[in-house]
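So this block is target09.txt, compact mmCIF, C-alpha atoms:
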```
# COMPACT_ATOMS: atom_id res chain seq x y z
CA MET A 1 73.45 95.42 301.71
CA GLY A 2 74.58 92.05 300.36
CA ARG A 3 71.03 90.76 300.35
CA GLU A 4 69.82 93.92 298.61
CA LYS A 5 72.46 93.47 295.94
CA GLY A 6 71.46 89.83 295.59
CA ARG A 7 67.80 90.79 295.16
CA LYS A 8 68.76 93.34 292.52
CA LEU A 9 70.80 90.75 290.70
CA MET A 10 67.99 88.24 290.74
CA ASN A 11 65.43 90.75 289.45
CA LYS A 12 63.47 88.41 287.19
CA LYS A 13 62.07 91.29 285.18
CA ARG A 14 65.43 91.44 283.49
CA VAL A 15 65.35 87.75 282.63
CA TRP A 16 63.97 86.31 279.41
CA ILE A 17 63.59 82.60 278.87
CA VAL A 18 63.74 81.33 275.28
CA ILE A 19 62.46 77.83 274.59
CA ALA A 20 62.71 76.14 271.18
CA ALA A 21 59.93 73.57 270.91
CA PHE A 22 59.11 70.94 268.33
CA ASN A 23 56.34 68.44 269.08
CA GLU A 24 56.67 68.82 272.84
CA GLU A 25 53.00 68.77 273.83
CA LYS A 26 53.72 66.22 276.57
CA SER A 27 56.29 68.34 278.36
CA ILE A 28 55.81 71.98 277.36
CA SER A 29 53.05 72.63 279.88
CA ASP A 30 55.13 71.40 282.85
CA VAL A 31 58.18 73.28 281.61
CA VAL A 32 56.36 76.60 281.16
CA TRP A 33 54.34 76.36 284.37
CA GLY A 34 57.48 75.31 286.25
CA LEU A 35 59.18 78.48 285.05
CA ARG A 36 56.17 80.64 285.83
CA GLY A 37 55.93 79.08 289.26
CA ALA A 38 59.53 80.10 289.92
CA GLY A 39 58.66 83.70 289.11
CA TYR A 40 59.86 83.95 285.53
CA ARG A 41 57.32 85.95 283.55
CA GLN A 42 59.04 86.71 280.29
CA ILE A 43 58.98 83.38 278.52
CA VAL A 44 59.22 82.99 274.75
CA VAL A 45 58.29 79.67 273.18
CA VAL A 46 59.31 79.29 269.55
CA ASP A 47 57.15 76.60 268.02
CA ASP A 48 59.17 75.05 265.21
CA CYS A 49 56.20 74.01 263.07
CA SER A 50 55.05 71.29 265.47
CA THR A 51 52.39 68.90 264.22
CA ASP A 52 50.91 68.48 267.70
CA ASN A 53 49.39 70.93 270.21
CA THR A 54 52.66 72.45 271.46
CA ALA A 55 51.81 76.01 270.34
CA ARG A 56 48.25 75.90 271.70
CA ILE A 57 49.36 74.61 275.10
CA ALA A 58 52.08 77.25 275.32
CA ARG A 59 49.61 79.99 274.35
CA GLN A 60 47.21 78.80 277.08
CA ALA A 61 50.02 79.21 279.60
CA GLY A 62 50.12 82.89 278.70
CA VAL A 63 53.63 83.09 277.33
CA TYR A 64 54.90 84.68 274.12
CA VAL A 65 54.57 82.16 271.30
CA LEU A 66 56.30 82.61 267.96
CA SER A 67 55.52 80.15 265.20
CA HIS A 68 57.78 78.94 262.41
CA VAL A 69 55.77 78.14 259.28
CA LEU A 70 58.37 75.51 258.34
CA ASN A 71 60.49 73.29 260.58
CA ARG A 72 63.94 74.90 260.71
CA GLY A 73 65.62 73.25 263.69
CA GLN A 74 66.56 74.11 267.25
CA GLY A 75 69.34 76.56 266.36
CA ALA A 76 67.05 78.52 264.04
CA SER A 77 64.29 78.57 266.67
CA LEU A 78 66.59 79.85 269.40
CA LYS A 79 67.82 82.60 267.09
CA THR A 80 64.20 83.60 266.34
CA GLY A 81 63.46 83.78 270.07
CA ILE A 82 66.64 85.75 270.82
CA ASP A 83 65.92 88.20 267.98
CA PHE A 84 62.41 88.68 269.39
CA VAL A 85 63.75 89.43 272.88
CA LEU A 86 66.36 91.88 271.60
CA ALA A 87 63.72 93.70 269.55
CA THR A 88 61.11 93.70 272.34
CA ASP A 89 63.23 94.68 275.33
CA PRO A 90 65.68 97.54 274.76
CA SER A 91 67.19 97.35 278.29
CA PRO A 92 70.97 96.99 278.19
CA ASP A 93 71.16 94.68 281.22
CA ILE A 94 68.86 91.83 280.28
CA ALA A 95 69.79 88.17 280.51
CA ILE A 96 68.52 85.58 278.04
CA VAL A 97 68.20 82.00 279.21
CA THR A 98 68.02 79.19 276.65
CA PHE A 99 66.02 76.34 278.13
CA ASP A 100 65.02 72.98 276.60
CA ALA A 101 61.37 72.17 276.02
CA ASP A 102 61.60 68.47 276.84
CA GLY A 103 61.87 68.92 280.59
CA GLN A 104 65.49 67.82 280.90
CA HIS A 105 66.57 71.00 282.70
CA ARG A 106 65.87 71.96 286.29
CA VAL A 107 64.28 75.38 286.83
CA GLY A 108 66.23 75.73 290.06
CA ASP A 109 69.53 75.72 288.13
CA ILE A 110 68.69 78.93 286.24
CA GLY A 111 69.48 81.15 289.22
CA LYS A 112 73.02 79.75 289.47
CA LEU A 113 73.66 80.62 285.82
CA LEU A 114 72.02 84.03 286.06
CA ARG A 115 74.10 85.35 288.93
CA PRO A 116 77.47 85.71 287.16
CA VAL A 117 75.83 87.25 284.08
CA LEU A 118 73.56 89.69 285.91
CA ALA A 119 76.51 90.67 288.09
CA GLU A 120 78.27 91.50 284.81
CA GLN A 121 81.22 89.31 285.73
CA TYR A 122 80.65 87.15 282.65
CA ASP A 123 78.95 87.53 279.27
CA VAL A 124 77.86 83.91 279.06
CA ALA A 125 77.11 81.21 281.64
CA LEU A 126 77.08 77.65 280.32
CA GLY A 127 75.45 74.75 282.09
CA SER A 128 77.62 71.67 282.63
CA ARG A 129 76.54 68.22 283.75
CA PHE A 130 80.14 67.23 284.45
CA LEU A 131 81.11 69.60 287.21
CA THR A 132 79.97 67.50 290.12
CA GLU A 133 80.57 63.81 290.53
CA LYS A 134 76.95 63.11 291.50
CA GLU A 135 75.59 64.62 288.33
CA GLU A 136 78.24 63.04 286.16
CA LYS A 137 77.16 59.59 287.34
CA GLU A 138 73.67 60.18 285.90
CA VAL A 139 74.99 60.47 282.33
CA PRO A 140 74.68 57.24 280.30
CA PHE A 141 78.09 55.85 279.28
CA MET A 142 77.81 56.20 275.48
CA LYS A 143 76.31 59.65 275.84
CA CYS A 144 79.16 60.59 278.15
CA LEU A 145 81.70 59.36 275.60
CA ALA A 146 80.10 61.35 272.77
CA LEU A 147 79.98 64.47 274.95
CA LYS A 148 83.62 64.09 275.94
CA LEU A 149 84.54 63.82 272.26
CA GLY A 150 82.62 67.07 271.81
CA VAL A 151 84.75 68.63 274.56
CA VAL A 152 87.96 67.56 272.77
CA PHE A 153 86.55 68.84 269.46
CA THR A 154 85.73 72.21 271.05
CA TYR A 155 89.23 72.52 272.45
CA VAL A 156 90.93 71.54 269.19
CA MET A 157 88.72 73.71 266.96
CA TYR A 158 88.13 76.79 269.10
CA GLY A 159 90.77 76.57 271.81
CA ILE A 160 88.37 76.79 274.73
CA ARG A 161 88.41 74.36 277.62
CA LEU A 162 85.02 73.13 278.78
CA THR A 163 83.62 70.13 280.58
CA ASP A 164 80.32 69.97 278.64
CA SER A 165 80.03 71.23 275.09
CA GLN A 166 76.43 70.32 274.27
CA ASN A 167 74.39 71.69 277.13
CA GLY A 168 71.23 73.54 276.13
CA LEU A 169 70.93 75.46 279.40
CA ARG A 170 72.86 78.70 279.08
CA VAL A 171 72.52 82.37 279.92
CA LEU A 172 73.56 85.16 277.58
CA SER A 173 73.99 88.82 278.40
CA ARG A 174 72.62 91.33 275.91
CA LYS A 175 76.13 91.88 274.58
CA ALA A 176 76.60 88.13 274.05
CA ALA A 177 73.16 87.72 272.45
CA GLU A 178 73.89 90.55 270.03
CA THR A 179 77.39 89.29 269.24
CA ILE A 180 76.84 85.55 268.86
CA ALA A 181 75.71 84.80 265.31
CA ILE A 182 73.71 81.59 265.20
CA THR A 183 73.61 80.47 261.58
CA GLU A 184 73.56 76.73 262.18
CA ASP A 185 69.87 75.84 262.07
CA ARG A 186 70.03 72.33 263.51
CA MET A 187 71.79 70.84 266.53
CA GLU A 188 75.22 72.10 265.41
CA HIS A 189 74.25 75.50 266.85
CA ALA A 190 75.52 74.38 270.29
CA SER A 191 79.07 74.11 268.97
CA GLN A 192 78.66 77.26 266.92
CA ILE A 193 77.77 79.23 270.06
CA LEU A 194 81.05 78.07 271.61
CA GLU A 195 82.92 79.01 268.46
CA GLU A 196 81.35 82.47 268.60
CA ILE A 197 82.26 82.84 272.28
CA ALA A 198 85.90 82.09 271.39
CA ARG A 199 85.90 84.25 268.24
CA ASN A 200 84.41 87.28 270.02
CA ARG A 201 86.47 86.72 273.17
CA LEU A 202 83.37 86.74 275.36
CA ARG A 203 83.83 86.06 279.07
CA PHE A 204 82.25 82.71 279.94
CA VAL A 205 81.85 80.49 282.97
CA GLU A 206 80.61 76.95 283.40
CA VAL A 207 78.07 76.26 286.11
CA PRO A 208 77.02 72.80 287.37
CA VAL A 209 73.50 71.82 286.33
CA PHE A 210 71.42 68.69 286.55
CA ILE A 211 70.10 66.93 283.44
CA LYS A 212 67.12 64.61 283.73
CA TYR A 213 67.57 61.54 281.51
CA THR A 214 64.27 59.86 282.29
CA ASN A 215 61.05 60.20 280.28
CA MET A 216 62.52 62.46 277.65
CA ARG A 217 63.70 62.34 274.10
CA SER A 218 67.40 62.83 274.44
CA GLN A 219 70.06 63.03 271.75
CA SER A 220 71.31 59.51 271.21
CA TRP A 221 75.10 59.10 271.14
CA THR A 222 74.92 58.15 267.45
CA ASN A 223 73.12 61.41 266.83
CA SER A 224 75.85 63.26 268.70
CA VAL A 225 78.46 61.66 266.43
CA ARG A 226 76.37 62.60 263.37
CA ILE A 227 76.17 66.21 264.59
CA GLY A 228 79.96 66.24 265.04
CA LEU A 229 80.53 64.94 261.52
CA ARG A 230 78.13 67.49 260.05
CA LEU A 231 79.92 70.22 261.94
CA ILE A 232 83.29 69.16 260.55
CA PHE A 233 81.75 68.91 257.06
CA SER A 234 80.26 72.39 257.31
CA LYS A 235 83.66 73.75 258.38
CA PHE A 236 85.12 72.76 255.02
CA PHE A 237 82.25 73.83 252.84
CA LYS A 238 81.32 77.24 254.24
CA MET B 1 83.26 50.86 210.95
CA THR B 2 80.15 49.67 212.79
CA PRO B 3 79.75 51.26 216.24
CA THR B 4 79.63 48.94 219.24
CA PRO B 5 76.41 48.75 221.34
CA PHE B 6 78.18 50.77 224.05
CA GLN B 7 79.00 53.53 221.56
CA VAL B 8 75.38 53.57 220.42
CA ILE B 9 74.15 53.99 224.01
CA ILE B 10 76.60 56.84 224.65
CA ILE B 11 75.64 58.57 221.37
CA LEU B 12 71.91 58.27 222.07
CA PHE B 13 72.35 59.53 225.65
CA ALA B 14 74.50 62.48 224.52
CA LEU B 15 71.90 63.40 221.86
CA PHE B 16 69.14 63.16 224.47
CA ALA B 17 71.10 65.34 226.92
CA LEU B 18 71.85 67.85 224.16
CA SER B 19 68.16 68.03 223.23
CA ARG B 20 67.25 68.70 226.89
CA ALA B 21 69.78 71.52 227.00
CA VAL B 22 68.24 73.05 223.82
CA LEU B 23 64.76 72.77 225.34
CA ARG B 24 65.90 74.43 228.59
CA LEU B 25 67.42 77.23 226.52
CA LYS B 26 64.11 77.67 224.69
CA ASP B 27 62.27 77.74 228.05
CA ARG B 28 64.81 80.36 229.18
CA LYS B 29 65.75 78.18 232.12
CA LEU B 30 69.36 78.13 230.92
CA HIS B 31 71.40 81.22 230.07
CA LEU B 32 73.31 81.25 226.79
CA VAL B 33 76.65 80.75 228.59
CA GLN B 34 75.28 77.82 230.59
CA PHE B 35 73.85 76.33 227.40
CA ALA B 36 77.19 76.75 225.62
CA PHE B 37 78.92 74.85 228.44
CA TRP B 38 76.53 71.90 228.28
CA ALA B 39 76.46 71.92 224.46
CA VAL B 40 80.28 71.77 224.26
CA LEU B 41 80.36 69.01 226.90
CA TRP B 42 77.83 66.78 225.15
CA ILE B 43 79.25 67.45 221.68
CA MET B 44 82.65 66.36 223.03
CA VAL B 45 81.05 63.18 224.38
CA LEU B 46 79.50 62.62 220.93
CA VAL B 47 82.86 63.09 219.21
CA PHE B 48 84.61 60.75 221.65
CA ALA B 49 81.91 58.12 221.17
CA LEU B 50 81.95 58.41 217.36
CA VAL B 51 85.74 58.67 217.00
CA PRO B 52 87.30 57.10 220.12
CA GLU B 53 90.80 57.73 218.77
CA THR B 54 90.39 61.48 219.48
CA THR B 55 90.69 60.76 223.19
CA GLY B 56 94.29 59.73 222.50
CA VAL B 57 95.10 63.37 221.68
CA PHE B 58 94.00 64.40 225.19
CA ALA B 59 95.88 61.47 226.72
CA ARG B 60 99.11 62.71 225.11
CA ILE B 61 98.46 66.32 226.18
CA PHE B 62 97.80 65.33 229.82
CA GLY B 63 100.43 62.60 229.90
CA VAL B 64 97.94 59.88 230.83
CA GLY B 65 98.23 56.37 229.35
CA ARG B 66 94.82 55.90 227.74
CA GLY B 67 92.40 58.42 226.33
CA VAL B 68 89.48 56.96 228.20
CA ASP B 69 91.34 57.47 231.49
CA VAL B 70 91.54 61.22 230.82
CA ILE B 71 87.78 61.32 230.39
CA ILE B 72 87.22 59.39 233.62
CA TYR B 73 89.61 61.61 235.61
CA LEU B 74 88.11 64.80 234.23
CA GLY B 75 84.61 63.39 234.77
CA ILE B 76 85.29 62.68 238.44
CA ALA B 77 86.86 66.11 238.96
CA PHE B 78 83.89 67.76 237.28
CA LEU B 79 81.40 65.77 239.37
CA PHE B 80 83.13 66.78 242.58
CA TYR B 81 83.09 70.40 241.55
CA ALA B 82 79.40 70.18 240.57
CA LEU B 83 78.63 68.60 243.95
CA PHE B 84 80.50 71.37 245.74
CA ARG B 85 78.60 74.05 243.79
CA LEU B 86 75.30 72.32 244.52
CA TYR B 87 76.13 72.10 248.23
CA ILE B 88 76.94 75.80 248.41
CA LYS B 89 73.76 76.71 246.53
CA MET B 90 71.64 74.45 248.72
CA ASP B 91 73.19 75.85 251.87
CA MET B 92 72.46 79.38 250.70
CA LEU B 93 68.85 78.41 249.98
CA GLU B 94 68.50 76.84 253.44
CA THR B 95 69.86 80.02 255.05
CA ASN B 96 67.43 82.16 253.08
CA ILE B 97 64.48 79.92 253.95
CA THR B 98 65.35 80.19 257.66
CA LYS B 99 65.59 83.99 257.41
CA LEU B 100 62.21 84.10 255.72
CA VAL B 101 60.59 81.76 258.27
CA ARG B 102 62.04 83.88 261.08
CA GLU B 103 60.82 87.13 259.55
CA ILE B 104 57.32 85.68 259.14
CA ALA B 105 57.28 84.49 262.78
CA LEU B 106 58.41 87.90 264.09
CA TRP B 107 56.09 89.81 261.76
CA LYS B 108 53.05 87.73 262.77
CA LYS B 109 53.83 88.31 266.44
CA LYS B 110 54.20 92.05 265.87
CA LYS B 111 50.88 92.20 264.01
CA LYS B 112 48.95 90.60 266.88
```
Target format structure tokens, applied to this file:
Amino acid sequence: MGREKGRKLMNKKRVWIVIAAFNEEKSISDVVWGLRGAGYRQIVVVDDCSTDNTARIARQAGVYVLSHVLNRGQGASLKTGIDFVLATDPSPDIAIVTFDADGQHRVGDIGKLLRPVLAEQYDVALGSRFLTEKEEKEVPFMKCLALKLGVVFTYVMYGIRLTDSQNGLRVLSRKAAETIAITEDRMEHASQILEEIARNRLRFVEVPVFIKYTNMRSQSWTNSVRIGLRLIFSKFFK
Amino acid sequence: MTPTPFQVIIILFALFALSRAVLRLKDRKLHLVQFAFWAVLWIMVLVFALVPETTGVFARIFGVGRGVDVIIYLGIAFLFYALFRLYIKMDMLETNITKLVREIALWKKKKK
């Protein structure tokens, strides 16, 4: 009975993966095939006007590819992908996974985030690299500092306690996807999603995930600070 | 009284700016109200440059020591406001561009 319920919960037909990609020809193939290999079939790659072969490679992998005619940023791309999923699949019990195109996320972690959302215990599951000591050790010091500042910022601004405020691996229920308004086009969307979770009183849970810091273009800590400043600036001018 | 070189520069610049505003009005790139705003602004600059003593009237009204200080304070306030307006406009444009790009992406996918 328990196993049957588990199988029902992990029904991958109800799972959509949205990937925002910009000039990721080196990693997109591995990412998409990794997901397909794990049984995920409904994959949407939003090509954010890449100048390389990202879109072509994704198309060859047989996934849905949406193309931005101008570069609009990761937040805008995710919103495009989410809008596409909501318009394509009318089922009320779908789960939308946001997954990075640079290969920093582990496919195996998706299941852990899906369970609480598909079980309808939570509206949103957020990946966190700071929930286990082993994974925390992998985070470079300056990056860790910038992320912790983000955690404080999230608590002060939106009143929600988290351990990781800038993790791109998350799962949204249909309700959450329809409620969360992503209007920040660039990297500030990560904080905006948290703000929307707080504003709409969505039920959320953090789940430990692993982030690969080797052979990938990661946000530098200076960039994280810049994002934070832009976020504060936009708070006063919007 | 012979104007100082600084006054001459200000006068020439104000006349140039005024002429641009007239041209933009002729091109219909400025509405009449917008033109009136810029015309009044540059005419005031012309008056202040030609008769610097007039700034003293404003200094007395606002309770600031020197006339030129009033102009600087008002100038800074105006610039900040203009910057704010520009930021809002630019942000709105960015939002609209994103919406358009998104619609095109979804429409193209639907068409296929």
May I ask you to extract the residues of chain B within 12 Å of chain A, using all atoms listed in the file, and to give them as a JSON list (two decimals) with C-alpha atoms, keeping the file's coordinate frame?
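So part_0.json came out as:
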```json
[["chain", "number", "residue", "atom", "x", "y", "z"],
["B", 81, "TYR", "CA", 83.09, 70.40, 241.55],
["B", 83, "LEU", "CA", 78.63, 68.60, 243.95],
["B", 84, "PHE", "CA", 80.50, 71.37, 245.74],
["B", 85, "ARG", "CA", 78.60, 74.05, 243.79],
["B", 86, "LEU", "CA", 75.30, 72.32, 244.52],
["B", 87, "TYR", "CA", 76.13, 72.10, 248.23],
["B", 88, "ILE", "CA", 76.94, 75.80, 248.41],
["B", 89, "LYS", "CA", 73.76, 76.71, 246.53],
["B", 90, "MET", "CA", 71.64, 74.45, 248.72],
["B", 91, "ASP", "CA", 73.19, 75.85, 251.87],
["B", 92, "MET", "CA", 72.46, 79.38, 250.70],
["B", 94, "GLU", "CA", 68.50, 76.84, 253.44],
["B", 95, "THR", "CA", 69.86, 80.02, 255.05],
["B", 96, "ASN", "CA", 67.43, 82.16, 253.08],
["B", 97, "ILE", "CA", 64.48, 79.92, 253.95],
["B", 98, "THR", "CA", 65.35, 80.19, 257.66],
["B", 99, "LYS", "CA", 65.59, 83.99, 257.41],
["B", 100, "LEU", "CA", 62.21, 84.10, 255.72],
["B", 101, "VAL", "CA", 60.59, 81.76, 258.27],
["B", 102, "ARG", "CA", 62.04, 83.88, 261.08],
["B", 103, "GLU", "CA", 60.82, 87.13, 259.55],
["B", 104, "ILE", "CA", 57.32, 85.68, 259.14],
["B", 105, "ALA", "CA", 57.28, 84.49, 262.78],
["B", 106, "LEU", "CA", 58.41, 87.90, 264.09],
["B", 107, "TRP", "CA", 56.09, 89.81, 261.76],
["B", 108, "LYS", "CA", 53.05, 87.73, 262.77],
["B", 109, "LYS", "CA", 53.83, 88.31, 266.44],
["B", 110, "LYS", "CA", 54.20, 92.05, 265.87],
["B", 111, "LYS", "CA", 50.88, 92.20, 264.01],
["B", 112, "LYS", "CA", 48.95, 90.60, 266.88]]
```
_Can you pull out the residues contacting B:Val22? Cut-off 10 Å, using all atoms listed in the file, and skip same-chain residues under 6 positions away; I want them as a list in words._
Phe16, Arg28, Leu30, Phe35, Ala36, Trp38 and Ala39 of chain B
Coordinates of box centre and edge lengths for stretch 58-66 of chain B, 3 Å on every side, axis-aligned, as JSON:
```
{"center_x": 97.2, "center_y": 61.1, "center_z": 228.0, "size_x": 12.4, "size_y": 16.4, "size_z": 11.7}
```
*Distance in Å - atom CA of A:Val85 versus atom CA of A:Ala20*: 13.4 Å
*Leaving out A:Ile160 and any residue of its chain fewer than 5 positions from it, which residues lie within 8 Å of it when counting all atoms listed in the file, given as a list in words?*
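Result of the neighbour search: Thr154, Tyr155 and Ala198 of chain A.
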_Would you pick out the contacts of A:Ser91 at 9 Å or less, using all atoms listed in the file, so that residues sharing its chain but fewer than 4 positions from it are not included, and give the list as a PyMOL selection string?_
chain A and resi 14+86+174
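Note that atom CA of A:Ala190 and atom CA of A:Arg59 are 26.8 Å apart.
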*One-decimal distance in Å that lies between atom CA of A:Leu78 and atom CA of A:Val117*: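 Distance reported for this atom pair: 18.9 Å.
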*Closest to A:Gln166 among A:Tyr122, A:Phe141, A:Phe22, A:Phe130, using all atoms listed in the file?*
A:Phe130
*asked:* Given the point (56.8, 81.8, 277.6) in the file's coordinates, find the residues that have an atom at most 9 Å from it, counting all atoms listed in the file, and give them as JSON, numbers by chain.
replied: {"A": [16, 17, 18, 19, 32, 35, 36, 40, 41, 42, 43, 44, 45, 46, 58, 59, 61, 62, 63, 64, 65]}
_At a cut-off of 6 Å, using only C-alpha atoms, what residues contact stretch 201-214 of chain A? Leave out same-chain residues fewer than 3 positions from it and give the result as a list in words._
Gln104, His105, Asp109, Tyr122, Asp123, Val124, Ala125, Leu126, Gly127, Ser128, Arg129, Leu131, Ile197 and Ala198 of chain A
